[in-house]
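K.L.:
My file is structure15.cif. It has mmCIF, C-alpha atoms and all ligand atoms:
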```
data_entry
#
loop_
_atom_site.group_PDB
_atom_site.id
_atom_site.type_symbol
_atom_site.label_atom_id
_atom_site.label_comp_id
_atom_site.auth_asym_id
_atom_site.auth_seq_id
_atom_site.Cartn_x
_atom_site.Cartn_y
_atom_site.Cartn_z
ATOM 1 C CA MET A 1 103.724 81.318 108.606
ATOM 2 C CA PRO A 2 106.618 78.811 108.825
ATOM 3 C CA VAL A 3 110.050 80.379 108.911
ATOM 4 C CA PRO A 4 113.154 78.658 107.497
ATOM 5 C CA ALA A 5 115.738 77.266 109.896
ATOM 6 C CA GLY A 6 118.949 79.248 110.336
ATOM 7 C CA PRO A 7 122.523 78.021 110.697
ATOM 8 C CA GLU A 8 121.926 77.082 114.338
ATOM 9 C CA GLY A 9 118.610 75.427 113.597
ATOM 10 C CA GLY A 10 116.489 78.331 114.927
ATOM 11 C CA ALA A 11 114.149 80.468 112.870
ATOM 12 C CA VAL A 12 115.607 83.115 110.560
ATOM 13 C CA PRO A 13 114.053 86.559 111.031
ATOM 14 C CA ARG A 14 112.302 87.775 107.877
ATOM 15 C CA HIS A 15 112.799 91.423 108.720
ATOM 16 C CA VAL A 16 115.818 92.760 110.605
ATOM 17 C CA ALA A 17 116.409 96.429 111.419
ATOM 18 C CA ILE A 18 119.666 97.898 112.670
ATOM 19 C CA ILE A 19 120.412 101.128 114.488
ATOM 20 C CA MET A 20 123.944 101.548 113.166
ATOM 21 C CA ASP A 21 125.580 103.375 116.055
ATOM 22 C CA GLY A 22 129.147 103.964 117.203
ATOM 23 C CA ASN A 23 130.938 105.374 114.146
ATOM 24 C CA GLY A 24 132.149 108.414 116.068
ATOM 25 C CA ARG A 25 133.474 106.371 118.984
ATOM 26 C CA TRP A 26 135.214 103.989 116.572
ATOM 27 C CA ALA A 27 137.062 106.962 115.062
ATOM 28 C CA LYS A 28 137.768 108.584 118.433
ATOM 29 C CA ALA A 29 139.395 105.393 119.737
ATOM 30 C CA ARG A 30 141.810 105.662 116.806
ATOM 31 C CA ARG A 31 142.324 109.425 117.144
ATOM 32 C CA LEU A 32 140.761 109.856 113.724
ATOM 33 C CA PRO A 33 138.158 112.428 112.641
ATOM 34 C CA ARG A 34 134.525 111.292 112.958
ATOM 35 C CA ILE A 35 134.201 111.082 109.160
ATOM 36 C CA ALA A 36 136.726 108.209 109.200
ATOM 37 C CA GLY A 37 134.274 106.257 111.368
ATOM 38 C CA HIS A 38 131.396 107.047 109.023
ATOM 39 C CA LYS A 39 133.479 105.860 106.047
ATOM 40 C CA GLN A 40 134.138 102.546 107.785
ATOM 41 C CA GLY A 41 130.430 102.492 108.604
ATOM 42 C CA VAL A 42 129.636 102.481 104.890
ATOM 43 C CA GLU A 43 131.932 99.474 104.463
ATOM 44 C CA ALA A 44 130.026 97.749 107.249
ATOM 45 C CA VAL A 45 126.751 98.472 105.429
ATOM 46 C CA ARG A 46 128.093 96.718 102.341
ATOM 47 C CA ARG A 47 129.293 93.670 104.317
ATOM 48 C CA VAL A 48 126.191 93.344 106.416
ATOM 49 C CA ALA A 49 123.748 93.804 103.512
ATOM 50 C CA THR A 50 125.492 90.965 101.648
ATOM 51 C CA ALA A 51 125.537 88.771 104.755
ATOM 52 C CA ALA A 52 121.829 89.416 105.339
ATOM 53 C CA ARG A 53 121.007 88.153 101.852
ATOM 54 C CA GLU A 54 123.195 85.078 102.378
ATOM 55 C CA LEU A 55 121.444 84.329 105.666
ATOM 56 C CA GLY A 56 118.051 84.445 103.947
ATOM 57 C CA ILE A 57 116.816 87.627 105.606
ATOM 58 C CA GLU A 58 114.128 89.094 103.330
ATOM 59 C CA VAL A 59 114.222 92.683 104.517
ATOM 60 C CA LEU A 60 117.068 94.644 106.083
ATOM 61 C CA THR A 61 116.181 98.107 107.363
ATOM 62 C CA LEU A 62 119.085 100.394 108.253
ATOM 63 C CA TYR A 63 118.876 103.609 110.273
ATOM 64 C CA ALA A 64 121.271 105.867 108.377
ATOM 65 C CA PHE A 65 120.171 109.379 109.372
ATOM 66 C CA SER A 66 117.560 110.344 111.923
ATOM 67 C CA SER A 67 115.357 113.423 111.854
ATOM 68 C CA GLU A 68 117.308 114.465 114.968
ATOM 69 C CA ASN A 69 120.719 114.088 113.330
ATOM 70 C CA TRP A 70 120.337 117.583 111.784
ATOM 71 C CA ARG A 71 121.400 118.783 115.245
ATOM 72 C CA ARG A 72 124.974 117.721 114.472
ATOM 73 C CA PRO A 73 127.575 120.223 113.269
ATOM 74 C CA GLU A 74 126.994 121.335 109.685
ATOM 75 C CA GLU A 75 130.273 119.828 108.572
ATOM 76 C CA GLU A 76 129.360 116.365 109.843
ATOM 77 C CA VAL A 77 125.928 116.530 108.193
ATOM 78 C CA ARG A 78 127.640 117.528 104.944
ATOM 79 C CA ASP A 79 130.081 114.609 105.273
ATOM 80 C CA LEU A 80 127.243 112.154 105.914
ATOM 81 C CA MET A 81 125.345 113.402 102.863
ATOM 82 C CA GLY A 82 128.542 113.058 100.820
ATOM 83 C CA LEU A 83 128.894 109.445 101.922
ATOM 84 C CA LEU A 84 125.273 108.772 101.025
ATOM 85 C CA ARG A 85 125.961 110.134 97.544
ATOM 86 C CA PHE A 86 129.035 107.901 97.289
ATOM 87 C CA PHE A 87 127.074 104.864 98.486
ATOM 88 C CA LEU A 88 124.204 105.364 96.044
ATOM 89 C CA LYS A 89 126.581 105.929 93.135
ATOM 90 C CA ASN A 90 128.658 102.848 93.900
ATOM 91 C CA GLU A 91 126.032 100.418 95.105
ATOM 92 C CA LEU A 92 123.277 100.854 92.549
ATOM 93 C CA LYS A 93 124.732 98.474 89.978
ATOM 94 C CA ASP A 94 125.338 95.828 92.652
ATOM 95 C CA LEU A 95 121.800 96.191 93.991
ATOM 96 C CA ILE A 96 120.490 95.711 90.456
ATOM 97 C CA ALA A 97 122.822 92.737 89.833
ATOM 98 C CA GLU A 98 121.871 91.110 93.130
ATOM 99 C CA GLY A 99 118.141 91.582 92.576
ATOM 100 C CA VAL A 100 117.769 93.819 95.625
ATOM 101 C CA ARG A 101 114.881 96.251 95.821
ATOM 102 C CA LEU A 102 115.723 99.562 97.480
ATOM 103 C CA ARG A 103 113.208 101.421 99.583
ATOM 104 C CA VAL A 104 113.676 104.588 101.578
ATOM 105 C CA ILE A 105 111.689 105.552 104.660
ATOM 106 C CA GLY A 106 111.807 108.992 106.227
ATOM 107 C CA ASP A 107 111.333 112.427 104.740
ATOM 108 C CA TYR A 108 114.163 112.169 102.221
ATOM 109 C CA HIS A 109 112.635 114.920 100.090
ATOM 110 C CA ALA A 110 114.165 117.361 102.577
ATOM 111 C CA LEU A 111 117.659 116.334 101.412
ATOM 112 C CA SER A 112 119.414 118.242 98.629
ATOM 113 C CA SER A 113 117.752 117.953 95.232
ATOM 114 C CA ASP A 114 120.564 115.952 93.606
ATOM 115 C CA LEU A 115 120.323 113.333 96.367
ATOM 116 C CA VAL A 116 116.540 113.186 96.037
ATOM 117 C CA ALA A 117 116.959 112.559 92.300
ATOM 118 C CA MET A 118 119.569 109.830 92.925
ATOM 119 C CA ILE A 119 117.342 108.149 95.501
ATOM 120 C CA ASP A 120 114.265 108.289 93.253
ATOM 121 C CA ASP A 121 116.314 106.852 90.390
ATOM 122 C CA ALA A 122 117.670 104.009 92.550
ATOM 123 C CA ILE A 123 114.183 103.199 93.860
ATOM 124 C CA ALA A 124 112.723 103.203 90.343
ATOM 125 C CA ARG A 125 115.518 101.089 88.869
ATOM 126 C CA THR A 126 115.240 98.417 91.573
ATOM 127 C CA ALA A 127 111.447 98.486 91.947
ATOM 128 C CA GLY A 128 110.981 95.313 89.908
ATOM 129 C CA ASN A 129 113.496 93.313 91.987
ATOM 130 C CA GLY A 130 112.018 90.606 94.148
ATOM 131 C CA GLY A 131 115.054 88.936 95.725
ATOM 132 C CA SER A 132 115.314 90.902 98.923
ATOM 133 C CA THR A 133 114.657 94.422 100.109
ATOM 134 C CA LEU A 134 117.070 96.955 101.523
ATOM 135 C CA VAL A 135 115.305 99.754 103.357
ATOM 136 C CA ILE A 136 117.310 102.841 104.244
ATOM 137 C CA ALA A 137 115.923 105.236 106.831
ATOM 138 C CA LEU A 138 116.904 108.792 105.898
ATOM 139 C CA ASN A 139 115.733 111.840 107.808
ATOM 140 C CA TYR A 140 113.534 109.297 109.555
ATOM 141 C CA GLY A 141 111.693 109.808 112.825
ATOM 142 C CA ALA A 142 109.108 107.333 114.040
ATOM 143 C CA GLN A 143 106.959 109.889 115.841
ATOM 144 C CA ALA A 144 106.688 112.000 112.673
ATOM 145 C CA GLU A 145 105.859 108.857 110.701
ATOM 146 C CA ILE A 146 103.077 107.924 113.125
ATOM 147 C CA LEU A 147 101.724 111.500 113.101
ATOM 148 C CA ALA A 148 101.687 111.567 109.292
ATOM 149 C CA ALA A 149 99.740 108.297 109.238
ATOM 150 C CA ALA A 150 97.279 109.627 111.822
ATOM 151 C CA ARG A 151 96.775 112.835 109.836
ATOM 152 C CA ARG A 152 96.216 110.942 106.593
ATOM 153 C CA LEU A 153 93.633 108.664 108.190
ATOM 154 C CA ALA A 154 91.942 111.599 109.936
ATOM 155 C CA ALA A 155 91.709 113.452 106.622
ATOM 156 C CA ALA A 156 90.244 110.366 104.936
ATOM 157 C CA ALA A 157 87.698 110.056 107.741
ATOM 158 C CA LYS A 158 86.806 113.754 107.502
ATOM 159 C CA ALA A 159 86.307 113.362 103.758
ATOM 160 C CA GLY A 160 83.937 110.479 104.449
ATOM 161 C CA GLU A 161 86.179 107.927 102.753
ATOM 162 C CA ILE A 162 86.609 105.761 105.852
ATOM 163 C CA GLU A 163 84.755 105.283 109.129
ATOM 164 C CA PRO A 164 86.866 106.230 112.169
ATOM 165 C CA ASP A 165 85.785 102.974 113.800
ATOM 166 C CA ALA A 166 87.163 101.027 110.847
ATOM 167 C CA ILE A 167 90.716 102.190 111.587
ATOM 168 C CA ASP A 168 92.492 99.117 112.911
ATOM 169 C CA GLU A 169 96.114 97.981 113.214
ATOM 170 C CA ALA A 170 96.196 96.714 109.633
ATOM 171 C CA MET A 171 94.895 100.009 108.232
ATOM 172 C CA PHE A 172 97.382 101.935 110.355
ATOM 173 C CA ASP A 173 100.209 99.655 109.173
ATOM 174 C CA ASP A 174 99.218 100.480 105.603
ATOM 175 C CA ALA A 175 99.424 104.200 106.305
ATOM 176 C CA LEU A 176 103.034 103.932 107.522
ATOM 177 C CA THR A 177 106.071 104.232 105.254
ATOM 178 C CA THR A 178 106.881 100.552 105.926
ATOM 179 C CA HIS A 179 103.572 99.414 104.395
ATOM 180 C CA GLY A 180 103.729 96.019 102.753
ATOM 181 C CA LEU A 181 106.931 94.919 104.482
ATOM 182 C CA PRO A 182 106.911 91.813 106.686
ATOM 183 C CA PRO A 183 106.579 92.542 110.421
ATOM 184 C CA LEU A 184 109.796 93.557 112.147
ATOM 185 C CA ASP A 185 111.260 90.462 113.801
ATOM 186 C CA LEU A 186 114.609 91.609 115.130
ATOM 187 C CA LEU A 187 115.886 95.077 116.008
ATOM 188 C CA ILE A 188 119.616 95.359 116.666
ATOM 189 C CA ARG A 189 121.453 98.374 118.060
ATOM 190 C CA THR A 190 125.220 98.460 118.040
ATOM 191 C CA SER A 191 127.643 100.400 120.285
ATOM 192 C CA GLY A 192 126.145 99.518 123.672
ATOM 193 C CA GLU A 193 123.448 102.215 123.763
ATOM 194 C CA GLN A 194 120.115 100.823 124.858
ATOM 195 C CA ARG A 195 117.478 103.117 123.400
ATOM 196 C CA LEU A 196 115.410 103.302 120.236
ATOM 197 C CA SER A 197 116.207 106.934 119.332
ATOM 198 C CA ASN A 198 112.875 107.419 117.534
ATOM 199 C CA PHE A 199 113.287 104.387 115.247
ATOM 200 C CA LEU A 200 110.364 102.171 114.161
ATOM 201 C CA LEU A 201 108.362 102.757 117.347
ATOM 202 C CA TRP A 202 105.138 101.283 115.938
ATOM 203 C CA GLN A 203 106.821 98.470 114.029
ATOM 204 C CA ALA A 204 108.910 97.327 117.013
ATOM 205 C CA ALA A 205 105.817 96.418 119.059
ATOM 206 C CA TYR A 206 106.741 92.726 119.083
ATOM 207 C CA ALA A 207 110.243 92.757 117.657
ATOM 208 C CA GLU A 208 112.998 90.995 119.548
ATOM 209 C CA LEU A 209 115.521 93.578 120.734
ATOM 210 C CA LEU A 210 119.246 92.964 120.713
ATOM 211 C CA PHE A 211 121.789 95.447 122.022
ATOM 212 C CA VAL A 212 125.397 94.628 121.224
ATOM 213 C CA ASP A 213 128.557 96.420 122.347
ATOM 214 C CA THR A 214 130.271 96.159 118.948
ATOM 215 C CA LEU A 215 130.711 99.541 117.289
ATOM 216 C CA TRP A 216 129.018 99.700 113.892
ATOM 217 C CA PRO A 217 132.261 99.893 111.817
ATOM 218 C CA ASP A 218 133.330 96.573 113.408
ATOM 219 C CA PHE A 219 130.006 94.827 112.743
ATOM 220 C CA ASP A 220 130.176 92.121 110.064
ATOM 221 C CA GLY A 221 128.566 88.987 108.700
ATOM 222 C CA THR A 222 129.742 86.917 111.652
ATOM 223 C CA ALA A 223 128.169 89.376 114.072
ATOM 224 C CA LEU A 224 124.931 89.317 112.091
ATOM 225 C CA ALA A 225 124.928 85.505 112.020
ATOM 226 C CA ALA A 226 125.426 85.531 115.817
ATOM 227 C CA ALA A 227 122.478 87.912 116.179
ATOM 228 C CA VAL A 228 120.324 85.666 113.998
ATOM 229 C CA ALA A 229 121.372 82.641 116.064
ATOM 230 C CA GLN A 230 120.362 84.470 119.255
ATOM 231 C CA PHE A 231 117.039 85.361 117.662
ATOM 232 C CA GLY A 232 116.534 81.677 116.849
ATOM 233 C CA GLN A 233 116.900 80.839 120.540
ATOM 234 C CA ARG A 234 114.346 83.399 121.705
ATOM 235 C CA GLN A 235 110.873 82.260 122.567
ATOM 236 C CA ARG A 236 108.353 84.670 121.077
ATOM 237 C CA ARG A 237 105.016 84.543 122.794
ATOM 238 C CA PHE A 238 103.096 87.538 121.424
ATOM 239 C CA GLY A 239 101.131 87.657 124.648
ATOM 240 C CA GLY A 240 100.167 83.992 124.490
ATOM 241 C CA LEU A 241 101.722 81.075 126.315
HETATM 242 C C1 LIG A 301 126.068 106.399 113.903
HETATM 243 O O1 LIG A 301 127.271 106.693 114.547
HETATM 244 C C2 LIG A 301 125.952 107.117 112.591
HETATM 245 C C3 LIG A 301 124.895 108.148 112.553
HETATM 246 C C4 LIG A 301 124.114 108.479 113.521
HETATM 247 C C5 LIG A 301 124.735 108.850 111.297
HETATM 248 P P1 LIG A 301 127.441 107.978 115.454
HETATM 249 O O2 LIG A 301 127.930 109.091 114.606
HETATM 250 O O3 LIG A 301 126.194 108.254 116.205
HETATM 251 O O4 LIG A 301 128.592 107.487 116.417
HETATM 252 P P2 LIG A 301 128.762 107.819 117.965
HETATM 253 O O5 LIG A 301 127.468 107.475 118.634
HETATM 254 O O6 LIG A 301 129.080 109.279 118.051
HETATM 255 O O7 LIG A 301 129.886 106.944 118.390
HETATM 256 C C1 LIG A 302 120.601 106.934 116.051
HETATM 257 O O1 LIG A 302 121.893 107.170 116.504
HETATM 258 C C2 LIG A 302 120.464 107.350 114.629
HETATM 259 C C3 LIG A 302 121.204 106.563 113.664
HETATM 260 C C4 LIG A 302 121.932 105.499 113.910
HETATM 261 C C5 LIG A 302 121.096 107.015 112.299
HETATM 262 P P1 LIG A 302 122.274 108.514 117.299
HETATM 263 O O2 LIG A 302 123.710 108.383 117.629
HETATM 264 O O3 LIG A 302 121.863 109.696 116.505
HETATM 265 O O4 LIG A 302 121.333 108.395 118.558
HETATM 266 P P2 LIG A 302 121.428 109.115 119.979
HETATM 267 O O5 LIG A 302 121.548 110.585 119.709
HETATM 268 O O6 LIG A 302 122.637 108.582 120.678
HETATM 269 O O7 LIG A 302 120.161 108.728 120.656
HETATM 270 MG MG MG A 303 125.521 107.704 118.050
#
```
Can the structure in the file be given as structure tokens, please?

P.N.:
Amino acid sequence: MPVPAGPEGGAVPRHVAIIMDGNGRWAKARRLPRIAGHKQGVEAVRRVATAARELGIEVLTLYAFSSENWRRPEEEVRDLMGLLRFFLKNELKDLIAEGVRLRVIGDYHALSSDLVAMIDDAIARTAGNGGSTLVIALNYGAQAEILAAARRLAAAAKAGEIEPDAIDEAMFDDALTTHGLPPLDLLIRTSGEQRLSNFLLWQAAYAELLFVDTLWPDFDGTALAAAVAQFGQRQRRFGGL
């Protein structure tokens, strides 16, 4: 499928995912509490989501809370959930106005019931939007996602609904929470860490990886445009020549 040319003439990724890391270190460098970094992180989400739309990126997937992040102190988890509440409350009208469809991946039903209701409402009210898609990963873990898909397919096979031999990559893709989204083209992690931390392990099979030193609260449209330009210079071979 032909991809449109970006600002530097290279291809624009259709689907970009970001591991938004470094909020705590941003705050620490300023002798501020970690929550101050998370607050600035929400501002970065706003900026970067707008920039992604302007750059012509169809899908932006953001890692907001991992299934491992429950290991953090209770107070920090509570602060993060509070910010999520704030974000959903403030952003919904803009998402609707901008024609953005919201999707959530991860087991968000484990969050508090008021958040679940807010998320379901936001998903329902943006479901008809076709402009671009914002995917937020909440209580997300890729291994759990893959296991859930495997269990669902195994149950379908046991029930005689599908033949085990018929399970192929496409069927597995469909059983994942990212079903129907374009393939992941570019995966960015901020803050200098070079690991995937249980994010989109299946989907990243042929994604281009980009690790940048910028801390997430400092990431902006210019940084995203630079990442897209770098992507445009990469030669993707998918195992061919
Ligand atoms: C990313 O920033 C935000 C979440 C994981 C929710 P961190 O909170 O991980 O920031 P660092 O890694 O401690 O700097
Ligand atoms: C990954 O960041 C999760 C999110 C950005 C939501 P972490 O800061 O939790 O990852 P680790 O613990 O350094 O691997
Ligand atoms: Mg971190």

K.L.:
May I have the residues at most 10 Å from (98.0, 100.8, 110.8) in the file's coordinates, counting all atoms listed in the file, as a PyMOL selection string?

P.N.:
chain A and resi 146+149-150+153+167-176+179+202-203

K.L.:
Can you list what the PyMOL selection byres (((chain A and resi 134) around 8) and not hetatm) grabs from this structure, as JSON, numbers by chain?

P.N.:
{"A": [49, 59, 60, 61, 62, 100, 101, 102, 103, 132, 133, 135, 136]}

K.L.:
Mind listing the residues within 10 Å of ligand MG 303 (chain A), all atoms listed in the file counted, as a PyMOL selection string?

P.N.:
chain A and resi 19-25+69+190-193+197+215-216

K.L.:
Which residue, A:Ala148, A:Ala64, A:Ala27, A:Ala226, has the smallest gap to ligand LIG 302 (chain A) when you use all atoms listed in the file?

P.N.:
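Among the listed residues, the smallest separation from ligand LIG 302 (chain A) belongs to A:Ala64.
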
K.L.:
Nearest residue to A:Ala223 out of A:Arg47, A:Val12, A:Trp26, A:Tyr206, using all atoms listed in the file?

P.N.:
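Among the listed residues, the smallest separation from A:Ala223 belongs to A:Arg47.
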
K.L.:
Can you work out which one of A:Ser66, A:Leu241, A:Phe219, A:Ala52 has the shortest atom-to-atom distance to ligand LIG 301 (chain A), counting all atoms listed in the file?

P.N.:
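Closest residue, counting all atoms listed in the file: A:Ser66.
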
K.L.:
One number please: atom CA of A:Leu88 to atom CA of A:Tyr140, in Å, one decimal.

P.N.:
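These two atoms are separated by 17.7 Å.
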
K.L.:
Using 3 Å of padding on each side, determine the axis-aligned box around all atoms of stretch 157-166 of chain A present in the file and give its centre and edge lengths in Å to one decimal, as JSON.

P.N.:
```
{"center_x": 85.8, "center_y": 107.4, "center_z": 108.3, "size_x": 9.8, "size_y": 18.7, "size_z": 17.0}
```

K.L.:
For A:Pro182, which of A:Leu147, A:Ala204, A:Glu75, A:Gly232 is the closest residue, counting only C-alpha atoms?

P.N.:
A:Ala204

K.L.:
Reconstruct N, CA and C atoms of stretch 194-223 of chain A; output as a PDB file, in the coordinates of the input.

P.N.:
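Okay, part-v9.pdb is ready:
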```
ATOM      1  N   GLN A 194     121.339 101.609 124.770  1.00  0.00           N
ATOM      2  CA  GLN A 194     120.115 100.823 124.858  1.00  0.00           C
ATOM      3  C   GLN A 194     118.908 101.739 124.802  1.00  0.00           C
ATOM      4  N   ARG A 195     118.679 102.307 123.621  1.00  0.00           N
ATOM      5  CA  ARG A 195     117.478 103.117 123.400  1.00  0.00           C
ATOM      6  C   ARG A 195     117.115 103.015 121.924  1.00  0.00           C
ATOM      7  N   LEU A 196     115.893 103.436 121.614  1.00  0.00           N
ATOM      8  CA  LEU A 196     115.410 103.302 120.236  1.00  0.00           C
ATOM      9  C   LEU A 196     115.645 104.557 119.408  1.00  0.00           C
ATOM     10  N   SER A 197     115.915 105.684 120.060  1.00  0.00           N
ATOM     11  CA  SER A 197     116.207 106.934 119.332  1.00  0.00           C
ATOM     12  C   SER A 197     115.225 107.188 118.178  1.00  0.00           C
ATOM     13  N   ASN A 198     113.933 107.042 118.497  1.00  0.00           N
ATOM     14  CA  ASN A 198     112.875 107.419 117.534  1.00  0.00           C
ATOM     15  C   ASN A 198     112.885 106.570 116.264  1.00  0.00           C
ATOM     16  N   PHE A 199     113.246 105.302 116.402  1.00  0.00           N
ATOM     17  CA  PHE A 199     113.287 104.387 115.247  1.00  0.00           C
ATOM     18  C   PHE A 199     112.154 103.368 115.333  1.00  0.00           C
ATOM     19  N   LEU A 200     111.366 103.236 114.325  1.00  0.00           N
ATOM     20  CA  LEU A 200     110.364 102.171 114.161  1.00  0.00           C
ATOM     21  C   LEU A 200     109.551 101.888 115.426  1.00  0.00           C
ATOM     22  N   LEU A 201     109.049 102.943 116.060  1.00  0.00           N
ATOM     23  CA  LEU A 201     108.362 102.757 117.347  1.00  0.00           C
ATOM     24  C   LEU A 201     107.105 101.891 117.209  1.00  0.00           C
ATOM     25  N   TRP A 202     106.348 102.098 116.150  1.00  0.00           N
ATOM     26  CA  TRP A 202     105.138 101.283 115.938  1.00  0.00           C
ATOM     27  C   TRP A 202     105.537  99.858 115.558  1.00  0.00           C
ATOM     28  N   GLN A 203     106.458  99.768 114.614  1.00  0.00           N
ATOM     29  CA  GLN A 203     106.821  98.470 114.029  1.00  0.00           C
ATOM     30  C   GLN A 203     107.528  97.557 115.028  1.00  0.00           C
ATOM     31  N   ALA A 204     108.136  98.136 116.060  1.00  0.00           N
ATOM     32  CA  ALA A 204     108.910  97.327 117.013  1.00  0.00           C
ATOM     33  C   ALA A 204     108.043  96.712 118.106  1.00  0.00           C
ATOM     34  N   ALA A 205     106.722  96.859 117.980  1.00  0.00           N
ATOM     35  CA  ALA A 205     105.817  96.418 119.059  1.00  0.00           C
ATOM     36  C   ALA A 205     106.161  95.017 119.579  1.00  0.00           C
ATOM     37  N   TYR A 206     106.419  94.085 118.650  1.00  0.00           N
ATOM     38  CA  TYR A 206     106.741  92.726 119.083  1.00  0.00           C
ATOM     39  C   TYR A 206     108.067  92.224 118.519  1.00  0.00           C
ATOM     40  N   ALA A 207     108.917  93.164 118.151  1.00  0.00           N
ATOM     41  CA  ALA A 207     110.243  92.757 117.657  1.00  0.00           C
ATOM     42  C   ALA A 207     111.080  92.272 118.833  1.00  0.00           C
ATOM     43  N   GLU A 208     111.985  91.359 118.559  1.00  0.00           N
ATOM     44  CA  GLU A 208     112.998  90.995 119.548  1.00  0.00           C
ATOM     45  C   GLU A 208     114.068  92.073 119.505  1.00  0.00           C
ATOM     46  N   LEU A 209     114.519  92.511 120.676  1.00  0.00           N
ATOM     47  CA  LEU A 209     115.521  93.578 120.734  1.00  0.00           C
ATOM     48  C   LEU A 209     116.880  92.982 121.095  1.00  0.00           C
ATOM     49  N   LEU A 210     117.902  93.444 120.417  1.00  0.00           N
ATOM     50  CA  LEU A 210     119.246  92.964 120.713  1.00  0.00           C
ATOM     51  C   LEU A 210     120.208  94.147 120.727  1.00  0.00           C
ATOM     52  N   PHE A 211     120.823  94.359 121.892  1.00  0.00           N
ATOM     53  CA  PHE A 211     121.789  95.447 122.022  1.00  0.00           C
ATOM     54  C   PHE A 211     123.180  94.826 122.121  1.00  0.00           C
ATOM     55  N   VAL A 212     124.044  95.196 121.197  1.00  0.00           N
ATOM     56  CA  VAL A 212     125.397  94.628 121.224  1.00  0.00           C
ATOM     57  C   VAL A 212     126.422  95.754 121.414  1.00  0.00           C
ATOM     58  N   ASP A 213     127.541  95.408 122.049  1.00  0.00           N
ATOM     59  CA  ASP A 213     128.557  96.420 122.347  1.00  0.00           C
ATOM     60  C   ASP A 213     129.414  96.786 121.134  1.00  0.00           C
ATOM     61  N   THR A 214     129.463  95.902 120.153  1.00  0.00           N
ATOM     62  CA  THR A 214     130.271  96.159 118.948  1.00  0.00           C
ATOM     63  C   THR A 214     129.925  97.518 118.347  1.00  0.00           C
ATOM     64  N   LEU A 215     130.947  98.270 117.980  1.00  0.00           N
ATOM     65  CA  LEU A 215     130.711  99.541 117.289  1.00  0.00           C
ATOM     66  C   LEU A 215     130.383  99.231 115.834  1.00  0.00           C
ATOM     67  N   TRP A 216     129.497 100.035 115.241  1.00  0.00           N
ATOM     68  CA  TRP A 216     129.018  99.700 113.892  1.00  0.00           C
ATOM     69  C   TRP A 216     130.141  99.417 112.885  1.00  0.00           C
ATOM     70  N   PRO A 217     131.232 100.190 112.826  1.00  0.00           N
ATOM     71  CA  PRO A 217     132.261  99.893 111.817  1.00  0.00           C
ATOM     72  C   PRO A 217     132.898  98.508 111.995  1.00  0.00           C
ATOM     73  N   ASP A 218     132.771  97.910 113.172  1.00  0.00           N
ATOM     74  CA  ASP A 218     133.330  96.573 113.408  1.00  0.00           C
ATOM     75  C   ASP A 218     132.303  95.465 113.179  1.00  0.00           C
ATOM     76  N   PHE A 219     131.064  95.838 112.905  1.00  0.00           N
ATOM     77  CA  PHE A 219     130.006  94.827 112.743  1.00  0.00           C
ATOM     78  C   PHE A 219     130.196  94.157 111.377  1.00  0.00           C
ATOM     79  N   ASP A 220     129.985  92.840 111.326  1.00  0.00           N
ATOM     80  CA  ASP A 220     130.176  92.121 110.064  1.00  0.00           C
ATOM     81  C   ASP A 220     129.227  90.934 109.954  1.00  0.00           C
ATOM     82  N   GLY A 221     129.444  90.135 108.945  1.00  0.00           N
ATOM     83  CA  GLY A 221     128.566  88.987 108.700  1.00  0.00           C
ATOM     84  C   GLY A 221     128.541  88.010 109.864  1.00  0.00           C
ATOM     85  N   THR A 222     129.682  87.830 110.504  1.00  0.00           N
ATOM     86  CA  THR A 222     129.742  86.917 111.652  1.00  0.00           C
ATOM     87  C   THR A 222     128.881  87.453 112.791  1.00  0.00           C
ATOM     88  N   ALA A 223     128.969  88.760 113.009  1.00  0.00           N
ATOM     89  CA  ALA A 223     128.169  89.376 114.072  1.00  0.00           C
ATOM     90  C   ALA A 223     126.682  89.269 113.752  1.00  0.00           C
TER      91      ALA A 223
END
```
